Amino acid sequence: MVTGAGGGLGRLIAKRLAEQGFAVCVTDLDAGAAEGVAAEINASAPENEATSAALDVRDADACREIACARRDLSLWVNNAGVLTTAPVWAQDDRTRALQLEVNAAGTINGTLAALEAFGVGAAEGTGPEGTDARPTRGPGPARGHVLNVASLAGLAPVSGEGIYAASKHAVLGFSLSTAIDLRRAGHKKVRISTVCPDGMWTPMLYEKLDDPEAAMSFSGVLLQSEEVADVVAEVARRPKLVRVVPRWRGLQCRLYAAAPSVAVRGAKLVEWVARAGQRRAAKRLRA
Ligand SMILES: NC(=O)c1ccc[n+]([C@@H]2O[C@H](COP(=O)([O-])OP(=O)(O)OC[C@H]3O[C@@H](n4cnc5c(N)ncnc54)[C@H](O)[C@@H]3O)[C@@H](O)[C@H]2O)c1
């Protein structure tokens, strides 16, 4: 199951997973886009047929229903995300709520739905209350893998993207805490991974080449979504608690976050570097 897979990174994750032999279910808020991606995968003839479904990750019941209706669910990728840039006080209530609901609550909804379908915390053979869906996994210990797409914004402060950063910090905190709870409960075969990519050239950034509030998304290497999808596919095979893309940016962001007063004092310099990177990216991409 891949959320937000009607375009951008999610589309490529779904394609890579299909190439690896997963019978992928492509889901998105935009049902038509999800259907198009499933058709694209099936046209390239993977061994397992890809399917599609409309799924709004803000709807916890819908996440549970689709997870429990899926036979032998083994991997759930929480990829859906939204970004609005502006200082936090300049974002209206709806814009703030949307980022928290999709990025943070949506990831929590998807994770809990998958855990239930994997057999964590639910009596065998029962489905979400009020639905006909029933987990169909066989007997034995709960097993499965949840892979959450966070961001470097989950590791460090990000000027201009404060609400987004809050939502991605939530994803990382939730994922790691849940991984520990699973281990405490003896669920060794249920894994949670989090992938934290740097800025990536997807529709999320297409309109932001000239937006100074989005400069931090261009402060490192602007990744191609193919590179990130390859890493996600690798983590799908070999779960990893946290995988930063590229790895060196993880160290840089953690150092930046470890010295908040230096980060605040040095913000102007960091912003200057980020704006220069954004202008270079704009020039290159428009050439
Ligand atoms: N692009 C970047 O620079 C970047 C960097 C780091 C992390 N990320 C993360 O990568 C993930 C994929 O982002 P992307 O760059 O491909 O963005 P994108 O905007 O290209 O694609 C996001 C997808 O999510 C879907 N979506 C939005 N709201 C939804 C909802 N409520 N329910 C279900 N689907 C919904 C959209 O329809 C879209 O198909 C996101 O979690 C994003 O935060 C992106």
# chains A, B, ... in the order shown; residues from 1 in each chain; ligands from 1
$ closest_atom_pairs --of "chain A" --to "ligand 1" --cutoff "7 Å" --atoms "only C-alpha atoms and all ligand atoms" --output "JSON lines"
{"residue": "A:Thr3", "atom": "CA", "partner": "ligand 1", "partner_atom_place_in_ligand_line": "33 (C)", "distance": 5.8}
{"residue": "A:Gly4", "atom": "CA", "partner": "ligand 1", "partner_atom_place_in_ligand_line": "24 (O)", "distance": 3.5}
{"residue": "A:Ala5", "atom": "CA", "partner": "ligand 1", "partner_atom_place_in_ligand_line": "39 (O)", "distance": 5.3}
{"residue": "A:Gly6", "atom": "CA", "partner": "ligand 1", "partner_atom_place_in_ligand_line": "39 (O)", "distance": 4.3}
{"residue": "A:Gly7", "atom": "CA", "partner": "ligand 1", "partner_atom_place_in_ligand_line": "39 (O)", "distance": 4.3}
{"residue": "A:Gly8", "atom": "CA", "partner": "ligand 1", "partner_atom_place_in_ligand_line": "16 (O)", "distance": 3.5}
{"residue": "A:Leu9", "atom": "CA", "partner": "ligand 1", "partner_atom_place_in_ligand_line": "16 (O)", "distance": 3.7}
{"residue": "A:Gly10", "atom": "CA", "partner": "ligand 1", "partner_atom_place_in_ligand_line": "16 (O)", "distance": 5.6}
{"residue": "A:Asp28", "atom": "CA", "partner": "ligand 1", "partner_atom_place_in_ligand_line": "34 (N)", "distance": 4.2}
{"residue": "A:Leu29", "atom": "CA", "partner": "ligand 1", "partner_atom_place_in_ligand_line": "33 (C)", "distance": 4.1}
{"residue": "A:Asp30", "atom": "CA", "partner": "ligand 1", "partner_atom_place_in_ligand_line": "37 (O)", "distance": 5.5}
{"residue": "A:Leu55", "atom": "CA", "partner": "ligand 1", "partner_atom_place_in_ligand_line": "33 (C)", "distance": 5.5}
{"residue": "A:Asp56", "atom": "CA", "partner": "ligand 1", "partner_atom_place_in_ligand_line": "32 (N)", "distance": 3.5}
{"residue": "A:Val57", "atom": "CA", "partner": "ligand 1", "partner_atom_place_in_ligand_line": "32 (N)", "distance": 4.1}
{"residue": "A:Arg58", "atom": "CA", "partner": "ligand 1", "partner_atom_place_in_ligand_line": "31 (N)", "distance": 5.5}
{"residue": "A:Asn79", "atom": "CA", "partner": "ligand 1", "partner_atom_place_in_ligand_line": "41 (O)", "distance": 4.5}
{"residue": "A:Ala80", "atom": "CA", "partner": "ligand 1", "partner_atom_place_in_ligand_line": "24 (O)", "distance": 3.8}
{"residue": "A:Gly81", "atom": "CA", "partner": "ligand 1", "partner_atom_place_in_ligand_line": "41 (O)", "distance": 3.7}
{"residue": "A:Val82", "atom": "CA", "partner": "ligand 1", "partner_atom_place_in_ligand_line": "27 (C)", "distance": 5.7}
{"residue": "A:Leu83", "atom": "CA", "partner": "ligand 1", "partner_atom_place_in_ligand_line": "43 (O)", "distance": 6.6}
{"residue": "A:Val102", "atom": "CA", "partner": "ligand 1", "partner_atom_place_in_ligand_line": "31 (N)", "distance": 5.0}
{"residue": "A:Asn103", "atom": "CA", "partner": "ligand 1", "partner_atom_place_in_ligand_line": "41 (O)", "distance": 6.4}
{"residue": "A:Val149", "atom": "CA", "partner": "ligand 1", "partner_atom_place_in_ligand_line": "41 (O)", "distance": 5.2}
{"residue": "A:Ala150", "atom": "CA", "partner": "ligand 1", "partner_atom_place_in_ligand_line": "7 (C)", "distance": 5.6}
{"residue": "A:Ser151", "atom": "CA", "partner": "ligand 1", "partner_atom_place_in_ligand_line": "7 (C)", "distance": 4.1}
{"residue": "A:Leu152", "atom": "CA", "partner": "ligand 1", "partner_atom_place_in_ligand_line": "6 (C)", "distance": 6.3}
{"residue": "A:Cys196", "atom": "CA", "partner": "ligand 1", "partner_atom_place_in_ligand_line": "7 (C)", "distance": 6.4}
{"residue": "A:Pro197", "atom": "CA", "partner": "ligand 1", "partner_atom_place_in_ligand_line": "6 (C)", "distance": 4.5}
{"residue": "A:Asp198", "atom": "CA", "partner": "ligand 1", "partner_atom_place_in_ligand_line": "5 (C)", "distance": 5.1}
{"residue": "A:Gly199", "atom": "CA", "partner": "ligand 1", "partner_atom_place_in_ligand_line": "3 (O)", "distance": 3.5}
{"residue": "A:Met200", "atom": "CA", "partner": "ligand 1", "partner_atom_place_in_ligand_line": "3 (O)", "distance": 3.7}
{"residue": "A:Trp201", "atom": "CA", "partner": "ligand 1", "partner_atom_place_in_ligand_line": "1 (N)", "distance": 5.7}
{"residue": "A:Thr202", "atom": "CA", "partner": "ligand 1", "partner_atom_place_in_ligand_line": "15 (O)", "distance": 4.7}
{"residue": "A:Pro203", "atom": "CA", "partner": "ligand 1", "partner_atom_place_in_ligand_line": "20 (O)", "distance": 4.1}
{"residue": "A:Met204", "atom": "CA", "partner": "ligand 1", "partner_atom_place_in_ligand_line": "19 (O)", "distance": 3.9}
{"residue": "A:Leu205", "atom": "CA", "partner": "ligand 1", "partner_atom_place_in_ligand_line": "1 (N)", "distance": 5.7}
{"residue": "A:Ser217", "atom": "CA", "partner": "ligand 1", "partner_atom_place_in_ligand_line": "3 (O)", "distance": 6.0}
$ select_by_dssp --residues "stretch 180-275 of chain A" --states "strand (DSSP E or B)" --output "list in words"
Val190, Arg191, Ile192, Ser193, Thr194, Val195, Cys196, Pro197, Met200, Trp201, Leu223, Gln224, Val242, Arg243, Val244 and Val245 of chain A
$ write_last_selection --atoms "C-alpha atoms" --output "PDB file, in the first residue's frame"
ATOM      1  CA  VAL A 190       6.852  -5.804  12.753  1.00  0.00           C
ATOM      2  CA  ARG A 191       9.230  -3.099  11.566  1.00  0.00           C
ATOM      3  CA  ILE A 192       8.962   0.676  11.216  1.00  0.00           C
ATOM      4  CA  SER A 193      11.314   2.593   8.955  1.00  0.00           C
ATOM      5  CA  THR A 194      11.557   6.316   8.314  1.00  0.00           C
ATOM      6  CA  VAL A 195      13.166   7.839   5.243  1.00  0.00           C
ATOM      7  CA  CYS A 196      14.202  11.507   5.504  1.00  0.00           C
ATOM      8  CA  PRO A 197      15.007  13.009   2.089  1.00  0.00           C
ATOM      9  CA  MET A 200      13.509  16.788  -4.086  1.00  0.00           C
ATOM     10  CA  TRP A 201      12.374  17.921  -7.521  1.00  0.00           C
ATOM     11  CA  LEU A 223      17.475  15.321  -5.284  1.00  0.00           C
ATOM     12  CA  GLN A 224      15.733  13.648  -8.184  1.00  0.00           C
ATOM     13  CA  VAL A 242      16.047   6.137  10.052  1.00  0.00           C
ATOM     14  CA  ARG A 243      17.568   6.565   6.608  1.00  0.00           C
ATOM     15  CA  VAL A 244      18.567  10.072   5.566  1.00  0.00           C
ATOM     16  CA  VAL A 245      19.042  10.871   1.863  1.00  0.00           C
TER      17      VAL A 245
END
$ select_by_dssp --residues "stretch 16-168 of chain A" --states "helix (DSSP H, G or I)" --output "PyMOL selection string"
chain A and resi 16-19+31-43+60-69+88-90+93-118+152-154+162-168
$ closest_residue --among "A:Thr111, A:Met1, A:Ala50, A:Ala45" --to "A:Asp72" --atoms "only C-alpha atoms"
A:Met1
$ residues_around --residues "A:Met216" --least-positions-apart "3" --cutoff "12 Å" --atoms "only C-alpha atoms" --output "PyMOL selection string"
chain A and resi 85-86+152-153+156-162+164-165+198-200+205+208-209+211-213+219-222+253+267-279
$ write_last_selection --atoms "N, CA and C atoms" --output "short mmCIF file (atom, residue, chain, number, x, y, z; two decimals), in the first residue's frame"
data_model
loop_
_atom_site.label_atom_id
_atom_site.label_comp_id
_atom_site.auth_asym_id
_atom_site.auth_seq_id
_atom_site.Cartn_x
_atom_site.Cartn_y
_atom_site.Cartn_z
N THR A 85 4.59 27.11 2.43
CA THR A 85 5.68 27.89 3.01
C THR A 85 5.18 29.26 3.43
N ALA A 86 5.73 29.76 4.52
CA ALA A 86 5.45 31.10 5.06
C ALA A 86 5.82 31.04 6.53
N LEU A 152 14.16 15.90 5.81
CA LEU A 152 15.19 16.51 6.65
C LEU A 152 14.54 17.50 7.60
N ALA A 153 13.36 18.02 7.21
CA ALA A 153 12.62 18.95 8.07
C ALA A 153 12.13 18.26 9.34
N ALA A 156 15.64 18.96 11.84
CA ALA A 156 16.24 20.25 12.18
C ALA A 156 15.23 21.38 11.95
N PRO A 157 15.50 22.58 12.51
CA PRO A 157 14.60 23.70 12.26
C PRO A 157 14.68 24.13 10.79
N VAL A 158 13.53 24.59 10.26
CA VAL A 158 13.48 25.00 8.86
C VAL A 158 12.72 26.33 8.77
N SER A 159 13.46 27.42 8.55
CA SER A 159 12.78 28.71 8.46
C SER A 159 11.89 28.73 7.22
N GLY A 160 10.74 29.36 7.36
CA GLY A 160 9.78 29.45 6.25
C GLY A 160 8.90 28.21 6.12
N GLU A 161 9.28 27.14 6.80
CA GLU A 161 8.52 25.88 6.69
C GLU A 161 8.24 25.32 8.10
N GLY A 162 7.91 26.22 9.04
CA GLY A 162 7.79 25.82 10.45
C GLY A 162 6.70 24.80 10.72
N TYR A 164 5.35 22.72 8.50
CA TYR A 164 5.78 21.48 7.81
C TYR A 164 6.83 20.77 8.68
N ALA A 165 7.80 21.55 9.20
CA ALA A 165 8.85 20.95 10.05
C ALA A 165 8.22 20.32 11.29
N ASP A 198 16.29 14.95 1.53
CA ASP A 198 16.55 16.38 1.33
C ASP A 198 15.53 16.90 0.32
N GLY A 199 15.60 18.17 -0.04
CA GLY A 199 14.70 18.72 -1.06
C GLY A 199 14.76 17.89 -2.33
N MET A 200 13.61 17.73 -2.95
CA MET A 200 13.51 16.79 -4.09
C MET A 200 12.67 17.44 -5.18
N LEU A 205 7.63 21.12 -5.17
CA LEU A 205 8.53 22.29 -5.25
C LEU A 205 8.42 23.03 -6.58
N LYS A 208 7.91 26.66 -6.41
CA LYS A 208 8.61 27.31 -5.31
C LYS A 208 10.04 27.75 -5.64
N LEU A 209 10.33 27.76 -6.94
CA LEU A 209 11.70 28.14 -7.32
C LEU A 209 12.00 29.60 -6.99
N ASP A 211 10.25 31.31 -4.52
CA ASP A 211 9.65 31.61 -3.22
C ASP A 211 10.74 31.65 -2.15
N PRO A 212 11.07 32.85 -1.64
CA PRO A 212 12.16 32.92 -0.66
C PRO A 212 11.85 32.11 0.60
N GLU A 213 10.57 31.92 0.91
CA GLU A 213 10.21 31.14 2.11
C GLU A 213 10.53 29.66 1.93
N SER A 219 18.60 24.13 0.15
CA SER A 219 19.84 24.45 0.86
C SER A 219 20.90 23.36 0.73
N GLY A 220 20.50 22.19 0.25
CA GLY A 220 21.48 21.10 0.10
C GLY A 220 21.59 20.69 -1.34
N VAL A 221 21.43 19.37 -1.56
CA VAL A 221 21.41 18.89 -2.93
C VAL A 221 19.95 18.72 -3.32
N LEU A 222 19.57 19.25 -4.45
CA LEU A 222 18.20 19.03 -4.91
C LEU A 222 18.16 17.64 -5.54
N CYS A 253 22.37 18.20 9.53
CA CYS A 253 21.12 18.67 10.15
C CYS A 253 21.10 18.39 11.64
N ALA A 267 21.28 32.09 11.28
CA ALA A 267 20.18 31.89 10.33
C ALA A 267 20.35 32.70 9.05
N LYS A 268 20.87 33.93 9.19
CA LYS A 268 20.99 34.78 8.00
C LYS A 268 21.98 34.18 7.00
N LEU A 269 23.08 33.64 7.53
CA LEU A 269 24.09 33.03 6.66
C LEU A 269 23.50 31.79 5.98
N VAL A 270 22.83 30.97 6.79
CA VAL A 270 22.23 29.73 6.23
C VAL A 270 21.23 30.09 5.14
N GLU A 271 20.45 31.13 5.40
CA GLU A 271 19.44 31.54 4.43
C GLU A 271 20.09 32.05 3.14
N TRP A 272 21.20 32.76 3.31
CA TRP A 272 21.91 33.29 2.14
C TRP A 272 22.40 32.13 1.26
N VAL A 273 22.96 31.10 1.93
CA VAL A 273 23.45 29.92 1.20
C VAL A 273 22.28 29.22 0.50
N ALA A 274 21.16 29.10 1.23
CA ALA A 274 19.98 28.41 0.69
C ALA A 274 19.42 29.16 -0.52
N ARG A 275 19.35 30.51 -0.42
CA ARG A 275 18.82 31.31 -1.54
C ARG A 275 19.72 31.17 -2.77
N ALA A 276 21.03 31.13 -2.51
CA ALA A 276 21.96 30.97 -3.63
C ALA A 276 21.71 29.61 -4.30
N GLY A 277 21.50 28.57 -3.49
CA GLY A 277 21.22 27.23 -4.03
C GLY A 277 19.91 27.23 -4.80
N GLN A 278 18.94 27.98 -4.31
CA GLN A 278 17.63 28.05 -4.97
C GLN A 278 17.77 28.76 -6.33
N ARG A 279 18.56 29.84 -6.36
CA ARG A 279 18.75 30.55 -7.63
C ARG A 279 19.49 29.67 -8.64
#
$ atom_distance --atom1 "atom CA of A:Ala114" --atom2 "atom CA of A:Thr178"
12.5 Å
$ closest_residue --among "A:Ala233, A:Cys63, A:Ala90, A:Leu147" --to "A:Ala14" --atoms "only C-alpha atoms"
A:Ala233
$ decode --residues "stretch 137-176 of chain A" --atoms "N, CA and C atoms" --output "short mmCIF file (atom, residue, chain, number, x, y, z; two decimals), in the first residue's frame"
data_model
loop_
_atom_site.label_atom_id
_atom_site.label_comp_id
_atom_site.auth_asym_id
_atom_site.auth_seq_id
_atom_site.Cartn_x
_atom_site.Cartn_y
_atom_site.Cartn_z
N ARG A 137 -4.90 -12.15 7.46
CA ARG A 137 -3.61 -12.81 7.68
C ARG A 137 -3.82 -14.10 8.47
N GLY A 138 -2.93 -15.03 8.22
CA GLY A 138 -3.06 -16.33 8.87
C GLY A 138 -2.60 -16.29 10.31
N PRO A 139 -2.57 -17.45 10.95
CA PRO A 139 -2.12 -17.50 12.34
C PRO A 139 -0.62 -17.21 12.44
N GLY A 140 -0.14 -17.05 13.65
CA GLY A 140 1.29 -16.78 13.84
C GLY A 140 1.50 -15.36 14.32
N PRO A 141 2.76 -15.01 14.62
CA PRO A 141 3.02 -13.67 15.15
C PRO A 141 2.72 -12.58 14.14
N ALA A 142 2.38 -11.41 14.67
CA ALA A 142 2.15 -10.27 13.79
C ALA A 142 3.41 -10.01 12.98
N ARG A 143 3.25 -9.65 11.71
CA ARG A 143 4.41 -9.32 10.89
C ARG A 143 4.04 -8.27 9.84
N GLY A 144 5.00 -7.47 9.48
CA GLY A 144 4.78 -6.47 8.44
C GLY A 144 5.74 -5.29 8.63
N HIS A 145 5.66 -4.36 7.70
CA HIS A 145 6.62 -3.25 7.67
C HIS A 145 5.88 -1.96 7.31
N VAL A 146 6.07 -0.95 8.14
CA VAL A 146 5.53 0.39 7.84
C VAL A 146 6.72 1.28 7.49
N LEU A 147 6.62 1.95 6.36
CA LEU A 147 7.73 2.80 5.91
C LEU A 147 7.19 4.23 5.77
N ASN A 148 7.70 5.10 6.61
CA ASN A 148 7.20 6.47 6.63
C ASN A 148 8.15 7.43 5.91
N VAL A 149 7.60 8.26 5.06
CA VAL A 149 8.44 9.26 4.38
C VAL A 149 8.34 10.55 5.19
N ALA A 150 9.42 10.89 5.86
CA ALA A 150 9.47 12.17 6.61
C ALA A 150 10.22 13.16 5.74
N SER A 151 11.28 13.74 6.26
CA SER A 151 12.02 14.77 5.53
C SER A 151 13.19 15.19 6.40
N LEU A 152 14.16 15.90 5.81
CA LEU A 152 15.19 16.51 6.65
C LEU A 152 14.54 17.50 7.60
N ALA A 153 13.36 18.02 7.21
CA ALA A 153 12.62 18.95 8.07
C ALA A 153 12.13 18.26 9.34
N GLY A 154 12.30 16.94 9.42
CA GLY A 154 11.96 16.22 10.65
C GLY A 154 13.14 16.15 11.60
N LEU A 155 14.30 16.65 11.15
CA LEU A 155 15.52 16.54 11.95
C LEU A 155 16.02 17.87 12.49
N ALA A 156 15.64 18.96 11.84
CA ALA A 156 16.24 20.25 12.18
C ALA A 156 15.23 21.38 11.95
N PRO A 157 15.50 22.58 12.51
CA PRO A 157 14.60 23.70 12.26
C PRO A 157 14.68 24.13 10.79
N VAL A 158 13.53 24.59 10.26
CA VAL A 158 13.48 25.00 8.86
C VAL A 158 12.72 26.33 8.77
N SER A 159 13.46 27.42 8.55
CA SER A 159 12.78 28.71 8.46
C SER A 159 11.89 28.73 7.22
N GLY A 160 10.74 29.36 7.36
CA GLY A 160 9.78 29.45 6.25
C GLY A 160 8.90 28.21 6.12
N GLU A 161 9.28 27.14 6.80
CA GLU A 161 8.52 25.88 6.69
C GLU A 161 8.24 25.32 8.10
N GLY A 162 7.91 26.22 9.04
CA GLY A 162 7.79 25.82 10.45
C GLY A 162 6.70 24.80 10.72
N ILE A 163 5.55 24.96 10.07
CA ILE A 163 4.45 24.01 10.32
C ILE A 163 4.79 22.66 9.69
N TYR A 164 5.35 22.72 8.50
CA TYR A 164 5.78 21.48 7.81
C TYR A 164 6.83 20.77 8.68
N ALA A 165 7.80 21.55 9.20
CA ALA A 165 8.85 20.95 10.05
C ALA A 165 8.22 20.32 11.29
N ALA A 166 7.24 21.00 11.87
CA ALA A 166 6.57 20.44 13.06
C ALA A 166 5.92 19.11 12.70
N SER A 167 5.28 19.07 11.54
CA SER A 167 4.58 17.83 11.14
C SER A 167 5.57 16.70 10.88
N LYS A 168 6.73 17.03 10.33
CA LYS A 168 7.72 15.99 10.02
C LYS A 168 8.50 15.56 11.27
N HIS A 169 8.72 16.49 12.22
CA HIS A 169 9.28 16.08 13.52
C HIS A 169 8.31 15.10 14.18
N ALA A 170 7.01 15.36 14.03
CA ALA A 170 6.00 14.46 14.62
C ALA A 170 6.12 13.07 13.99
N VAL A 171 6.32 13.02 12.69
CA VAL A 171 6.44 11.72 12.01
C VAL A 171 7.61 10.92 12.58
N LEU A 172 8.75 11.60 12.73
CA LEU A 172 9.93 10.88 13.22
C LEU A 172 9.76 10.45 14.67
N GLY A 173 9.25 11.36 15.51
CA GLY A 173 9.04 11.02 16.93
C GLY A 173 8.06 9.89 17.09
N PHE A 174 6.99 9.94 16.31
CA PHE A 174 5.98 8.88 16.36
C PHE A 174 6.56 7.54 15.90
N SER A 175 7.29 7.57 14.80
CA SER A 175 7.80 6.33 14.20
C SER A 175 8.78 5.64 15.14
N LEU A 176 9.72 6.42 15.69
CA LEU A 176 10.72 5.82 16.57
C LEU A 176 10.09 5.33 17.88
#
